[in-house]
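Working notes for the structure below.
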Amino acid sequence: MKTKTTLKISISGARGIVGDSLTPQLAATLALAFGTYIGGGTVLVGRDTRRSGVMLGQAVTAGLLAVGCRPVDVGVCAIPSFLFLTKAQKAAGGIAVTASHNPKQWNGLKFISGDGLYLTPHQTEEYLDIYHQGEFDFVSPGRYRLPEAFDDASEPHLRKILSLFDADKIRRRKLRVALDCNNGAGAVMAPRLLRELGCEVVPLYIDPHGEFAHDPEPLPENITAICRAVRESKADIGFVQDADADRLAIVNEKGEPLGEELTLALAVRHVLGKRKGSIVCNLSSSRIIDDLAAVHGVKVFRTRIGEINVVEKLLAAVPKAVIGGEGNGGVIDPLVHPCRDSFTAMALILESLAETGKTISALQRTLPRYALVKAKIEGSAEQAHRLIGILKKKYEEGGRIDLTDGLKVDFADHWIHIRPSNTEPIIRVMAEAKTEAKAEAALNILKDAIEAARKKL
Amino acid sequence: MKNPRRRAEYRAAIRTEWKRANKAIPMKLLKIGISGVRGIVGESVTPKLVLDFASAFGAFVDGKPVILGRDTRIHGPMLRAACVSALLAAGSDVLDLGVCPTPILQKAVRELRAGGGLSITAGHNDIQWNALTFIGPEGAYLNPFQGAEMLDLYHLGRFRSADTDNLGRLETDPGAAARYFAALAAFLDVEAVRRARFKVVIDACAGAGAPYLRSFADALGFDLIPLNDEPYGFFPHDPEPRPRNAQQTVSIVKVIGADAGFLLNSDVGRVSLVSERGESLSEEFTFPLVADAYLTRRCGTVVTNYSTSRMIEDVARARRCPLVRTKVGQSHAIHALLLESAVLAGEGSGGVAIPDFQPAFDGFLTMGFILETLARTGKRLSALIGDLPRYHIVKEKIYCPPSRIHSVVDEVKALLGGQAVDTGDGWRVEDRSGWVQVRMSGTEPMVRIIVEDRSRERARTKADRVLHELESLAR
């Protein structure tokens with residue numbers, strides 16, 4: 001078996017381990033290539049709350065300056081606010097120093113185009129070509145620009161959200177909201193947003209200093225503290241953001257996590273109640289979405305995993321898409337900005353509570369029920385693809401095969417999905433069925449099949 | 001080659017070759033020295049180069065805090081960002097002083113007991129250049145041994161890299177300059193300067209000294225007429241303190257009745273003078289002028305380099321102080337200063353160090369000491385200069401491929417025959433009226449010829465002769 005690499009450069013940007021694979025030299029070179037790719041101009045530089053963010057941000061700044069860009073340091077900034085700001089400021093591009101939900105020893109760079117979107121796969125290919133060729137457009141002193149700083153990078157994003165939702169109606173409901181930002185970048189704006197919406201905030205881990213209070217993946221087992229806080233404070237709802245605040249998990253008023261699949265489902269139902277249009281989500285999002293689409297008679301487009309794939313389809317879908325996202329709690333409302341946005345998701349859910357007058361558990365009960373189980377398996381992308389080649393033959397009977405991203409097989413009452421991760425050297429497997437037992441059973445069959453296939457490699 | 005015609009042909013051929021060689025000088029000028037690395041930004045000075053050297057320096061200080069400063073060059077922020085990143089990654093806390101003269105940074109390194117300092121400045125080089133200067137824990141330029149260790153770390157290429165929890169932190173120190181000027185005021189006879197009510201013109205050349213002129217004037221209590229004190233990322237003239245860059249200062253000193261005019265380089269390591277009569281003085285005068293006054297107070301060994309004017313020999317001899325000559329460069333001078341427990345070091349380029357204050361070429365101290373001397377003696381600057389012996393210096397340079405530079409210098413020496421040659425830096429011969437030195441440049445791929453003599457004509461003749469030999473006997 002090949003050794004596991006600690007560096008991953010893909011359509012999701014670059015990720016590595018600080019002090020090991022992710023060095024200032026690498027970050028600066030990636031920035032040189034990016035500055036060369038976009039041909040100079042203003043580039044926003046933001047970061048999540050990780051301690052290594054300052055170090056890498058400085059390396060990025062050096063790289064950008066050397067090729068004649070004007071880097072603007074926006075400091076600690078949630079990813080959706082950063083994407084929004086890149087477009088609002090009419091910048092030529094942006095570089096976000098973040099490793100999203102990876103453990104704290106990781107960090108990474110995400111590259112953003114002038115329209116406030118992650119580089120598309122094609123753009124990434126062009127960009128990486130420049131990186132690999134290693135020839136950069138160094139400028140002479142006369143063409144140097146000075147680095148600048150931007151205060152309060154969240155403000156434009158905050159104002160946009162407040163302008164699009166019925167803030168008065170939400171305020172009248174006087175909700176008590178428990179909030180867990182896990183000391184991540186969401187803490188910069190989430191308490192402000194909730195207070196502006198008239199909510200009483202029960203804060204938990206809202207210091208954006210980067211020492212995560214719990215594993216940053218917002219899985220039920222990692223968010224027990226907020227569940228207790230909701231019960232003790234008798235809050236109406238609990239929100240959990242991931243480290244860069246693009247994803248949102250919800251806890252109901254009884255202190256039970258809804259499961260991250262329901263965030264998108266609740267948002268989709270709320271938006272479809274107001275506007276008819278297509279839904280775009282990735283392959284591994286729950287079937288609830290299809291059920292909701294059927295109720296409203298709208299179309300669902302499914303894409304490869306990776307936010308940019310969803311966004312690209314969302315912008316191109318006919319009929320026009322009104323909502324999109326990922327089952328992992330990433331909600332995309334194109335009216336705010338075509339990116340996953342936990343703040344917009346909060347506003348959508350709160351507006352839904354305010355307009356229906358129901359509790360969050362009551363809203364939860366009226367959604368179709370599925371159980372989605374996931375697991376990670378050791379293995380490189382290359383191994384995953386060879387495994388998929390073998391598994392495809394096994395699953396051909398009885399299921400509908402989809403090879404858009406890894407292998408997805410749809411059966412009448414369940415589906416399974418296996419694919420290599422874009423950000424880590426692991427293989428992700430998942431299964432969804434009506435009950436947890438059935439889903440587990442399907443996942444176990446898949447895992448066994450993988451182990452059997454591995455022996456043939 | 002006794003046949004004169006063949007000899008002429010031979011010389012012509014050599015000259016053509018030289019011209020070609022001079023044209024073929026590699027475009028990517030990069031100079032790695034004991035105490036730092038300098039080059040042209042965008043060509044040799046890239047983020048990668050800066051990151052690698054700063055990473056090596058992070059390994060050199062072994063994770064201890066580093067004080068960082070830069071001059072005002074437009075590309076300074078690029079080098080700064082790279083240095084900050086590399087040092088944090090190596091686990092060193094970084095204390096960023098922003099735009100800061102090197103002597104202020106050096107004082108802070110000692111005072112705060114930091115692991116070292118990194119000054120981003122190319123001193124007297126023009127705006128295309130930038131450089132990293134490494135400061136050791138003593139607040140002095142790295143000595144040759146420390147420099148060799150630094151280079152080994154750089155060449156090894158495996159840098160110290162801290163994990164996430166042990167990365168350095170970035171901080172600022174807004175009080176560093178105030179502490180420096182307080183120390184300077186305590187070292188000098190500020191009362192005498194204040195009473196003299198001097199009017200002083202200082203041309204900061206929009207360099208690192210620019211934002212600090214006011215604090216300097218306030219600390220010493222003189223009336224400041226600042227020139228080029230707004231940093232804008234470029235220089236209004238060559239940032240080398242010497243007469244050809246002194247027009248602005250010269251044009252106002254006499255008109256407004258100033259007592260002295262000073263020119264600074266971009267990091268306030270060097271100073272040249274303009275007298276109250278508006279006479280712009282060679283940078284060679286700065287060091288002997290300080291020495292003349294300082295050695296009467298405190299006698300001891302004096303350090304200078306092989307290319308510095310004989311004036312300092314006469315001054316030291318008159319005070320019965322021993323003189324030690326070293327290779328060119330602050331690093332060598334300060335190393336010898338500390339080794340010999342000398343009382344004073346300086347160079348003909350206008351850099352002066354008084355170790356009782358700090359072991360560093362310090363332009364503020366130099367200006368302050370000269371003002372103190374004017375106040376104490378009651379003499380005018382032109383009179384103090386008039387007391388110094390006069391020599392005539394001719395400086396020439398000729399480009400040479402870096403790979404040939406040592407052998408060329410060596411071969412020219414072989415032509416001198418029986419004269420006593422000092423080979424401390426290139427070679428140097430003395431006679432009763434002066435001396436001739438030929439050495440390679442410390443910062444550029446060229447050979448320098450320096451000739452000093454009591455007679456201007458003789459100096460010129462000697463220089464021409466060496467130039468001629470260099471051209472014709474290069475092979």
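Lettering and numbering for the structure tokens are positional, with chains as A, B, ... in the shown order, residues counted from 1 in each chain, and ligands counted from 1 in the shown order.
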Env of range 165-182 of chain A: 9 Å cut, atoms = only C-alpha atoms, seq-sep filter 5 positions within chain, self excluded. Answer as a PDB file with C-alpha atoms, in the first residue's frame.
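As written to disk, selection26.pdb reads:
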```pdb
ATOM      1  CA  ALA A 187     -18.232  33.751  15.549  1.00  0.00           C
ATOM      2  CA  ALA A 190     -23.285  34.936  13.768  1.00  0.00           C
ATOM      3  CA  PRO A 191     -24.049  36.572  17.148  1.00  0.00           C
ATOM      4  CA  LEU A 194     -29.005  36.721  15.418  1.00  0.00           C
ATOM      5  CA  GLU A 196     -30.178  41.949  14.554  1.00  0.00           C
ATOM      6  CA  LEU A 197     -32.957  39.435  14.002  1.00  0.00           C
ATOM      7  CA  GLY A 198     -34.200  40.044  17.539  1.00  0.00           C
ATOM      8  CA  CYS A 199     -33.081  36.702  18.900  1.00  0.00           C
ATOM      9  CA  GLU A 200     -31.809  36.169  22.399  1.00  0.00           C
ATOM     10  CA  VAL A 201     -28.462  34.410  21.920  1.00  0.00           C
ATOM     11  CA  VAL A 202     -27.286  31.660  24.241  1.00  0.00           C
ATOM     12  CA  PRO A 203     -23.620  31.683  23.258  1.00  0.00           C
ATOM     13  CA  LEU A 204     -21.319  28.694  23.274  1.00  0.00           C
ATOM     14  CA  TYR A 205     -17.732  28.835  21.930  1.00  0.00           C
ATOM     15  CA  ILE A 206     -18.047  32.167  20.175  1.00  0.00           C
ATOM     16  CA  ASP A 207     -14.423  33.382  20.578  1.00  0.00           C
ATOM     17  CA  PRO A 208     -12.830  33.304  17.141  1.00  0.00           C
ATOM     18  CA  GLY A 210      -9.146  29.006  16.542  1.00  0.00           C
ATOM     19  CA  GLU A 211      -8.786  26.597  19.449  1.00  0.00           C
ATOM     20  CA  PHE A 212     -11.707  24.397  18.452  1.00  0.00           C
ATOM     21  CA  ALA A 213     -13.893  23.429  21.396  1.00  0.00           C
ATOM     22  CA  HIS A 214     -14.779  20.129  19.762  1.00  0.00           C
ATOM     23  CA  ASP A 215     -14.076  18.174  16.589  1.00  0.00           C
ATOM     24  CA  PRO A 216     -15.013  20.688  13.862  1.00  0.00           C
ATOM     25  CA  ILE A 223     -22.135  18.669  19.467  1.00  0.00           C
ATOM     26  CA  ALA A 225     -22.568  20.535  24.603  1.00  0.00           C
ATOM     27  CA  ILE A 226     -25.057  22.618  22.658  1.00  0.00           C
ATOM     28  CA  CYS A 227     -27.742  19.955  23.013  1.00  0.00           C
ATOM     29  CA  ALA A 229     -27.302  24.094  26.513  1.00  0.00           C
ATOM     30  CA  VAL A 230     -30.557  24.119  24.520  1.00  0.00           C
ATOM     31  CA  SER A 233     -31.648  27.417  28.620  1.00  0.00           C
ATOM     32  CA  LYS A 234     -34.987  26.304  27.158  1.00  0.00           C
ATOM     33  CA  ALA A 235     -33.932  27.656  23.793  1.00  0.00           C
ATOM     34  CA  ASP A 236     -36.222  27.435  20.758  1.00  0.00           C
ATOM     35  CA  ILE A 237     -33.428  26.126  18.548  1.00  0.00           C
ATOM     36  CA  GLY A 238     -29.700  25.484  18.507  1.00  0.00           C
ATOM     37  CA  PHE A 239     -27.352  26.281  15.616  1.00  0.00           C
ATOM     38  CA  VAL A 240     -23.909  24.775  15.076  1.00  0.00           C
ATOM     39  CA  GLN A 241     -21.558  26.198  12.454  1.00  0.00           C
ATOM     40  CA  ASP A 242     -18.544  24.427  11.050  1.00  0.00           C
ATOM     41  CA  ALA A 243     -15.124  26.081  11.310  1.00  0.00           C
ATOM     42  CA  ALA A 245     -19.218  28.850   8.618  1.00  0.00           C
ATOM     43  CA  VAL A 251     -30.568  21.128  17.306  1.00  0.00           C
ATOM     44  CA  ALA A 347     -32.114  33.261   8.418  1.00  0.00           C
ATOM     45  CA  LEU A 348     -34.110  30.812   6.255  1.00  0.00           C
ATOM     46  CA  LEU A 350     -35.728  31.352  11.537  1.00  0.00           C
ATOM     47  CA  GLU A 351     -38.009  32.895   8.925  1.00  0.00           C
ATOM     48  CA  SER A 352     -39.630  29.508   8.499  1.00  0.00           C
ATOM     49  CA  LEU A 353     -40.201  29.256  12.279  1.00  0.00           C
ATOM     50  CA  ALA A 354     -41.595  32.796  12.354  1.00  0.00           C
ATOM     51  CA  GLU A 355     -43.935  32.333   9.408  1.00  0.00           C
ATOM     52  CA  GLY A 357     -45.411  29.697  14.147  1.00  0.00           C
TER      53      GLY A 357
END
```
Identify every residue of chain B that has at least one atom within 9 Å of any atom of chain A, counting only C-alpha atoms, and report the result as an mmCIF file with C-alpha atoms, in the first residue's frame.
```cif
data_model
loop_
_atom_site.group_PDB
_atom_site.id
_atom_site.type_symbol
_atom_site.label_atom_id
_atom_site.label_comp_id
_atom_site.auth_asym_id
_atom_site.auth_seq_id
_atom_site.Cartn_x
_atom_site.Cartn_y
_atom_site.Cartn_z
ATOM 1 C CA ILE B 40 17.254 42.826 -7.792
ATOM 2 C CA VAL B 41 13.599 42.478 -6.910
ATOM 3 C CA GLY B 42 11.626 40.346 -9.340
ATOM 4 C CA GLU B 43 14.800 38.866 -10.781
ATOM 5 C CA THR B 46 11.653 36.475 -5.122
ATOM 6 C CA PRO B 47 9.343 35.360 -2.319
ATOM 7 C CA LYS B 48 10.988 31.936 -2.477
ATOM 8 C CA LEU B 51 11.356 32.724 2.525
ATOM 9 C CA ASP B 52 14.306 30.349 2.295
ATOM 10 C CA ARG B 73 11.292 50.601 -0.636
ATOM 11 C CA ILE B 74 8.011 49.917 -2.429
ATOM 12 C CA HIS B 75 8.717 46.183 -2.398
ATOM 13 C CA PRO B 77 6.112 44.854 2.259
ATOM 14 C CA MET B 78 6.652 41.817 -0.003
ATOM 15 C CA LEU B 79 9.898 40.894 1.725
ATOM 16 C CA ARG B 80 8.383 41.703 5.083
ATOM 17 C CA ALA B 81 5.413 39.384 4.551
ATOM 18 C CA ALA B 82 7.733 36.576 3.451
ATOM 19 C CA CYS B 83 10.015 37.092 6.476
ATOM 20 C CA VAL B 84 7.072 37.154 8.895
ATOM 21 C CA SER B 85 5.676 33.961 7.409
ATOM 22 C CA ALA B 86 8.968 32.070 7.433
ATOM 23 C CA LEU B 87 9.873 33.134 10.969
ATOM 24 C CA LEU B 88 6.445 32.272 12.392
ATOM 25 C CA ALA B 89 6.646 28.913 10.640
ATOM 26 C CA ALA B 90 10.050 28.317 12.233
ATOM 27 C CA ILE B 127 15.335 51.204 -5.816
ATOM 28 C CA GLN B 128 15.596 48.038 -7.930
ATOM 29 C CA TRP B 129 17.492 46.354 -5.132
ATOM 30 C CA ARG B 160 12.969 24.338 11.378
ATOM 31 C CA SER B 161 9.221 23.977 11.113
ATOM 32 C CA ALA B 162 7.014 24.270 14.145
ATOM 33 C CA ASP B 163 3.714 22.442 14.338
ATOM 34 C CA THR B 164 0.482 24.399 14.659
ATOM 35 C CA ASP B 165 0.623 24.745 18.434
ATOM 36 C CA LEU B 167 4.070 28.581 15.604
ATOM 37 C CA GLY B 168 5.429 32.011 16.435
ATOM 38 C CA ARG B 169 3.235 35.013 17.124
ATOM 39 C CA LEU B 170 3.309 38.334 15.295
ATOM 40 C CA PHE B 234 10.861 55.293 -4.106
#
```
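Picture a line from CA of Gln146 in chain B to CA of Pro355 in chain B; it runs 19.5 Å.
Between CA of Ser307 in chain B and CA of Arg460 in chain B there is a distance of 16.2 Å.
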Residues at most 9 Å from Ile308 in chain A, counting only C-alpha atoms, excluding those fewer than 6 positions away in the same chain, as a PyMOL selection string? chain A and resi 11-12+117-121+339
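The shell of residues at most 10 Å from Ala182 in chain B, with only C-alpha atoms counted and near chain neighbours (fewer than 4 positions) removed, consists of Ala177, Ala178, Ala186, Phe187, Ser215, Phe216, Ala219 and Leu220 of chain B.
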Can you check which residues of range 125-336 of chain B DSSP gives as strand (DSSP E or B) on the backbone and send them as a ChimeraX atom specification? /B:129-135,141,170-172,199-203,223-227,260-264,271-274,280,302-305,323-326
Put those residues in a file: C-alpha atoms, as an mmCIF file, in the first residue's frame.
```cif
data_model
loop_
_atom_site.group_PDB
_atom_site.id
_atom_site.type_symbol
_atom_site.label_atom_id
_atom_site.label_comp_id
_atom_site.auth_asym_id
_atom_site.auth_seq_id
_atom_site.Cartn_x
_atom_site.Cartn_y
_atom_site.Cartn_z
ATOM 1 C CA TRP B 129 17.492 46.354 -5.132
ATOM 2 C CA ASN B 130 16.457 44.952 -1.819
ATOM 3 C CA ALA B 131 18.226 42.820 0.722
ATOM 4 C CA LEU B 132 18.011 41.002 4.003
ATOM 5 C CA THR B 133 20.548 41.964 6.636
ATOM 6 C CA PHE B 134 20.937 39.519 9.490
ATOM 7 C CA ILE B 135 21.548 40.844 12.972
ATOM 8 C CA TYR B 141 25.803 42.245 11.887
ATOM 9 C CA LEU B 170 3.309 38.334 15.295
ATOM 10 C CA GLU B 171 3.520 41.419 17.483
ATOM 11 C CA THR B 172 4.466 45.066 17.160
ATOM 12 C CA LYS B 199 19.758 74.725 12.676
ATOM 13 C CA VAL B 200 20.272 71.410 10.840
ATOM 14 C CA VAL B 201 19.232 70.196 7.392
ATOM 15 C CA ILE B 202 18.776 66.433 7.074
ATOM 16 C CA ASP B 203 18.028 64.721 3.777
ATOM 17 C CA ASP B 223 15.962 73.140 14.846
ATOM 18 C CA LEU B 224 15.260 70.618 12.072
ATOM 19 C CA ILE B 225 14.843 71.432 8.400
ATOM 20 C CA PRO B 226 13.855 68.065 6.962
ATOM 21 C CA LEU B 227 14.340 67.150 3.322
ATOM 22 C CA ALA B 260 25.192 71.582 9.196
ATOM 23 C CA GLY B 261 23.627 69.426 6.526
ATOM 24 C CA PHE B 262 23.438 65.640 6.641
ATOM 25 C CA LEU B 263 22.627 63.053 3.964
ATOM 26 C CA LEU B 264 21.421 59.594 4.988
ATOM 27 C CA VAL B 271 26.035 59.745 6.718
ATOM 28 C CA SER B 272 27.730 62.333 4.569
ATOM 29 C CA LEU B 273 28.126 65.999 5.433
ATOM 30 C CA VAL B 274 27.472 69.431 3.999
ATOM 31 C CA SER B 280 29.352 69.085 0.143
ATOM 32 C CA VAL B 302 40.452 52.129 15.851
ATOM 33 C CA VAL B 303 39.086 49.814 13.148
ATOM 34 C CA THR B 304 38.640 50.678 9.503
ATOM 35 C CA ASN B 305 38.818 48.890 6.146
ATOM 36 C CA LEU B 323 44.704 51.353 13.762
ATOM 37 C CA VAL B 324 43.477 47.980 12.501
ATOM 38 C CA ARG B 325 42.384 47.493 8.901
ATOM 39 C CA THR B 326 39.843 44.867 7.823
#
```
